[in-house]
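Structure file my_file.txt; described as compact mmCIF, N, CA and C atoms.
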```txt
# COMPACT_ATOMS: atom_id res chain seq x y z
N TYR A 1 6.14 0.28 -13.96
CA TYR A 1 7.47 0.64 -13.53
C TYR A 1 7.36 1.58 -12.34
N GLU A 2 8.10 1.31 -11.31
CA GLU A 2 8.13 2.13 -10.10
C GLU A 2 9.58 2.52 -9.87
N ALA A 3 9.92 3.78 -10.09
CA ALA A 3 11.31 4.22 -10.02
C ALA A 3 11.91 4.11 -8.63
N TRP A 4 11.15 4.37 -7.59
CA TRP A 4 11.71 4.34 -6.25
C TRP A 4 11.49 3.01 -5.55
N GLY A 5 10.47 2.29 -5.90
CA GLY A 5 10.21 1.01 -5.27
C GLY A 5 9.26 1.09 -4.09
N MET A 6 8.41 2.10 -4.08
CA MET A 6 7.48 2.30 -2.97
C MET A 6 6.59 1.07 -2.70
N PRO A 7 6.00 0.42 -3.71
CA PRO A 7 5.18 -0.75 -3.43
C PRO A 7 5.96 -1.87 -2.71
N VAL A 8 7.22 -2.06 -3.11
CA VAL A 8 8.04 -3.09 -2.45
C VAL A 8 8.32 -2.68 -1.00
N MET A 9 8.67 -1.42 -0.78
CA MET A 9 8.92 -0.92 0.57
C MET A 9 7.67 -1.05 1.44
N GLU A 10 6.51 -0.71 0.89
CA GLU A 10 5.25 -0.82 1.64
C GLU A 10 4.94 -2.28 1.97
N ALA A 11 5.21 -3.18 1.04
CA ALA A 11 4.98 -4.60 1.30
C ALA A 11 5.87 -5.09 2.43
N MET A 12 7.14 -4.70 2.41
CA MET A 12 8.06 -5.08 3.48
C MET A 12 7.61 -4.49 4.81
N ALA A 13 7.20 -3.23 4.80
CA ALA A 13 6.75 -2.57 6.03
C ALA A 13 5.49 -3.23 6.58
N SER A 14 4.71 -3.85 5.70
CA SER A 14 3.49 -4.53 6.12
C SER A 14 3.77 -5.96 6.57
N GLY A 15 5.02 -6.38 6.49
CA GLY A 15 5.38 -7.72 6.94
C GLY A 15 5.16 -8.82 5.93
N LEU A 16 5.16 -8.47 4.66
CA LEU A 16 4.97 -9.47 3.62
C LEU A 16 6.30 -9.95 3.06
N ALA A 17 6.36 -11.22 2.72
CA ALA A 17 7.53 -11.74 2.03
C ALA A 17 7.50 -11.17 0.62
N VAL A 18 8.63 -10.68 0.13
CA VAL A 18 8.67 -9.93 -1.12
C VAL A 18 9.46 -10.66 -2.20
N VAL A 19 8.87 -10.71 -3.38
CA VAL A 19 9.54 -11.14 -4.60
C VAL A 19 9.40 -9.97 -5.57
N SER A 20 10.51 -9.51 -6.12
CA SER A 20 10.48 -8.34 -7.00
C SER A 20 11.56 -8.48 -8.05
N THR A 21 11.67 -7.45 -8.88
CA THR A 21 12.77 -7.38 -9.84
C THR A 21 13.80 -6.38 -9.34
N ASP A 22 14.98 -6.46 -9.91
CA ASP A 22 16.10 -5.64 -9.45
C ASP A 22 16.14 -4.27 -10.12
N CYS A 23 14.99 -3.61 -10.18
CA CYS A 23 14.97 -2.26 -10.76
C CYS A 23 15.68 -1.29 -9.82
N LEU A 24 16.10 -0.17 -10.35
CA LEU A 24 16.99 0.76 -9.66
C LEU A 24 16.51 1.16 -8.27
N GLY A 25 15.28 1.58 -8.11
CA GLY A 25 14.80 2.03 -6.81
C GLY A 25 14.79 0.93 -5.77
N VAL A 26 14.41 -0.25 -6.17
CA VAL A 26 14.31 -1.38 -5.25
C VAL A 26 15.67 -1.79 -4.72
N THR A 27 16.69 -1.75 -5.55
CA THR A 27 18.01 -2.21 -5.11
C THR A 27 18.67 -1.28 -4.10
N SER A 28 18.08 -0.12 -3.85
CA SER A 28 18.66 0.76 -2.83
C SER A 28 18.38 0.27 -1.42
N PHE A 29 17.38 -0.61 -1.24
CA PHE A 29 17.07 -1.12 0.09
C PHE A 29 16.82 -2.63 0.13
N ALA A 30 16.54 -3.23 -0.99
CA ALA A 30 16.24 -4.66 -1.04
C ALA A 30 17.52 -5.44 -1.35
N ARG A 31 17.72 -6.54 -0.63
CA ARG A 31 18.90 -7.38 -0.82
C ARG A 31 18.47 -8.81 -1.08
N HIS A 32 18.79 -9.28 -2.29
CA HIS A 32 18.40 -10.64 -2.67
C HIS A 32 18.94 -11.66 -1.67
N GLY A 33 18.07 -12.53 -1.24
CA GLY A 33 18.48 -13.58 -0.32
C GLY A 33 18.56 -13.13 1.13
N LYS A 34 18.45 -11.84 1.36
CA LYS A 34 18.49 -11.32 2.74
C LYS A 34 17.08 -10.93 3.19
N ASN A 35 16.50 -9.91 2.56
CA ASN A 35 15.17 -9.47 2.97
C ASN A 35 14.12 -9.64 1.87
N CYS A 36 14.51 -10.27 0.76
CA CYS A 36 13.57 -10.51 -0.34
C CYS A 36 14.22 -11.45 -1.35
N LEU A 37 13.49 -11.74 -2.40
CA LEU A 37 14.03 -12.47 -3.55
C LEU A 37 13.93 -11.51 -4.74
N LEU A 38 15.06 -11.23 -5.37
CA LEU A 38 15.10 -10.30 -6.50
C LEU A 38 15.48 -11.02 -7.78
N ALA A 39 14.64 -10.89 -8.79
CA ALA A 39 14.93 -11.46 -10.10
C ALA A 39 15.48 -10.37 -11.02
N ASP A 40 16.23 -10.77 -12.00
CA ASP A 40 16.71 -9.84 -13.02
C ASP A 40 15.48 -9.25 -13.72
N SER A 41 15.47 -7.95 -13.91
CA SER A 41 14.30 -7.29 -14.50
C SER A 41 14.03 -7.73 -15.94
N GLU A 42 14.99 -8.35 -16.58
CA GLU A 42 14.82 -8.81 -17.96
C GLU A 42 14.48 -10.30 -18.03
N ASP A 43 14.30 -10.97 -16.88
CA ASP A 43 14.13 -12.42 -16.87
C ASP A 43 12.83 -12.82 -16.17
N ALA A 44 11.76 -12.88 -16.95
CA ALA A 44 10.45 -13.24 -16.41
C ALA A 44 10.45 -14.65 -15.83
N GLY A 45 11.25 -15.53 -16.39
CA GLY A 45 11.31 -16.91 -15.90
C GLY A 45 11.84 -17.00 -14.48
N SER A 46 12.88 -16.22 -14.17
CA SER A 46 13.42 -16.27 -12.81
C SER A 46 12.46 -15.61 -11.82
N LEU A 47 11.75 -14.58 -12.26
CA LEU A 47 10.74 -13.96 -11.40
C LEU A 47 9.65 -14.98 -11.06
N ALA A 48 9.17 -15.69 -12.07
CA ALA A 48 8.15 -16.72 -11.85
C ALA A 48 8.67 -17.82 -10.94
N ALA A 49 9.91 -18.22 -11.11
CA ALA A 49 10.50 -19.26 -10.27
C ALA A 49 10.58 -18.82 -8.81
N PHE A 50 10.93 -17.54 -8.57
CA PHE A 50 10.99 -17.04 -7.20
C PHE A 50 9.60 -16.97 -6.57
N VAL A 51 8.59 -16.62 -7.36
CA VAL A 51 7.22 -16.60 -6.84
C VAL A 51 6.81 -18.01 -6.43
N VAL A 52 7.07 -18.99 -7.27
CA VAL A 52 6.75 -20.38 -6.95
C VAL A 52 7.53 -20.82 -5.71
N GLN A 53 8.80 -20.44 -5.63
CA GLN A 53 9.63 -20.83 -4.49
C GLN A 53 9.08 -20.27 -3.18
N ILE A 54 8.72 -19.00 -3.15
CA ILE A 54 8.24 -18.40 -1.90
C ILE A 54 6.87 -18.94 -1.52
N LEU A 55 6.04 -19.28 -2.51
CA LEU A 55 4.72 -19.83 -2.22
C LEU A 55 4.78 -21.28 -1.76
N SER A 56 5.77 -22.03 -2.22
CA SER A 56 5.82 -23.45 -1.91
C SER A 56 6.71 -23.79 -0.71
N ASP A 57 7.45 -22.83 -0.20
CA ASP A 57 8.38 -23.10 0.90
C ASP A 57 8.02 -22.24 2.11
N ALA A 58 7.22 -22.80 3.01
CA ALA A 58 6.74 -22.06 4.18
C ALA A 58 7.89 -21.60 5.07
N LYS A 59 8.91 -22.43 5.23
CA LYS A 59 10.04 -22.04 6.06
C LYS A 59 10.74 -20.81 5.48
N LEU A 60 10.95 -20.80 4.18
CA LEU A 60 11.57 -19.65 3.52
C LEU A 60 10.73 -18.39 3.73
N ARG A 61 9.40 -18.52 3.59
CA ARG A 61 8.52 -17.37 3.81
C ARG A 61 8.70 -16.81 5.21
N TRP A 62 8.73 -17.66 6.22
CA TRP A 62 8.84 -17.19 7.60
C TRP A 62 10.22 -16.61 7.89
N VAL A 63 11.26 -17.18 7.31
CA VAL A 63 12.61 -16.63 7.50
C VAL A 63 12.67 -15.23 6.90
N LYS A 64 12.16 -15.04 5.69
CA LYS A 64 12.16 -13.72 5.06
C LYS A 64 11.35 -12.73 5.89
N LEU A 65 10.21 -13.14 6.40
CA LEU A 65 9.39 -12.25 7.22
C LEU A 65 10.12 -11.84 8.48
N ALA A 66 10.80 -12.77 9.13
CA ALA A 66 11.54 -12.47 10.36
C ALA A 66 12.68 -11.49 10.07
N ILE A 67 13.39 -11.69 8.96
CA ILE A 67 14.49 -10.80 8.61
C ILE A 67 13.96 -9.40 8.30
N ILE A 68 12.85 -9.32 7.59
CA ILE A 68 12.25 -8.01 7.31
C ILE A 68 11.87 -7.33 8.62
N TYR A 69 11.23 -8.06 9.52
CA TYR A 69 10.81 -7.49 10.79
C TYR A 69 12.01 -6.95 11.58
N ILE A 70 13.05 -7.74 11.68
CA ILE A 70 14.23 -7.33 12.44
C ILE A 70 14.90 -6.13 11.78
N SER A 71 14.98 -6.11 10.47
CA SER A 71 15.68 -5.01 9.79
C SER A 71 14.93 -3.68 9.89
N TRP A 72 13.64 -3.72 10.16
CA TRP A 72 12.87 -2.48 10.27
C TRP A 72 12.78 -1.97 11.70
N GLN A 73 13.28 -2.71 12.66
CA GLN A 73 13.21 -2.29 14.06
C GLN A 73 14.21 -1.17 14.33
N LYS A 74 13.86 -0.33 15.23
CA LYS A 74 14.77 0.73 15.67
C LYS A 74 15.23 0.35 17.08
N TRP A 75 16.47 -0.02 17.21
CA TRP A 75 17.00 -0.45 18.49
C TRP A 75 17.67 0.72 19.18
N GLU A 76 17.23 0.98 20.38
CA GLU A 76 17.82 2.08 21.15
C GLU A 76 19.14 1.62 21.76
N THR A 77 20.14 2.49 21.72
CA THR A 77 21.44 2.15 22.29
C THR A 77 21.74 2.98 23.51
```
If you took the structure in this file and wrote it as structure tokens, what would it be?
Amino acid sequence: YEAWGMPVMEAMASGLAVVSTDCLGVTSFARHGKNCLLADSEDAGSLAAFVVQILSDAKLRWVKLAIIYISWQKWET
């Protein structure tokens, strides 16, 4: 259990496609379908399905990586 979600944040910062559960710390920055895939923390089956989905769909992996990259950029105005 990770209360703040540091491993997920580090994975995103490293440019990895992320599959996680919707524990409290993670939901403060992770958005299902936007920058990661989040399963219900009580549903191991949906977590496994998301892992299979991200591993078997190269396009989905690249879209998630691009969204993570863009969301971490600091754009000067």
Between A:Ala44, A:Asp22, A:Ala17, A:His32, single out the one closest to Asp57 (chain A), counting only C-alpha atoms. A:Ala17
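Reported to one decimal place, the separation of CA of Gly15 (chain A) from CA of Cys36 (chain A) is 11.3 Å.
Minimum distance to Leu24 (chain A) across A:Phe50, A:Val63, A:Gly45, A:Leu38 (counting only C-alpha atoms) occurs at A:Leu38.
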Coordinates-based distance that separates atom N of Asp43 (chain A) from CA of Ser14 (chain A) (Å, one decimal): 26.2 Å
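One finds atom N of Ala30 (chain A) at 9.8 Å from CA of Met12 (chain A).
Minimum atom-to-atom distance to Leu60 (chain A), evaluated using only C-alpha atoms, belongs to A:Val18 out of A:Val18, A:Trp4, A:Leu47, A:Ala39.
Distances here use only N, CA and C atoms; by that measure, the residue among A:Lys34, A:Val51, A:Ala58, A:Met6 closest to Ser20 (chain A) is A:Val51.
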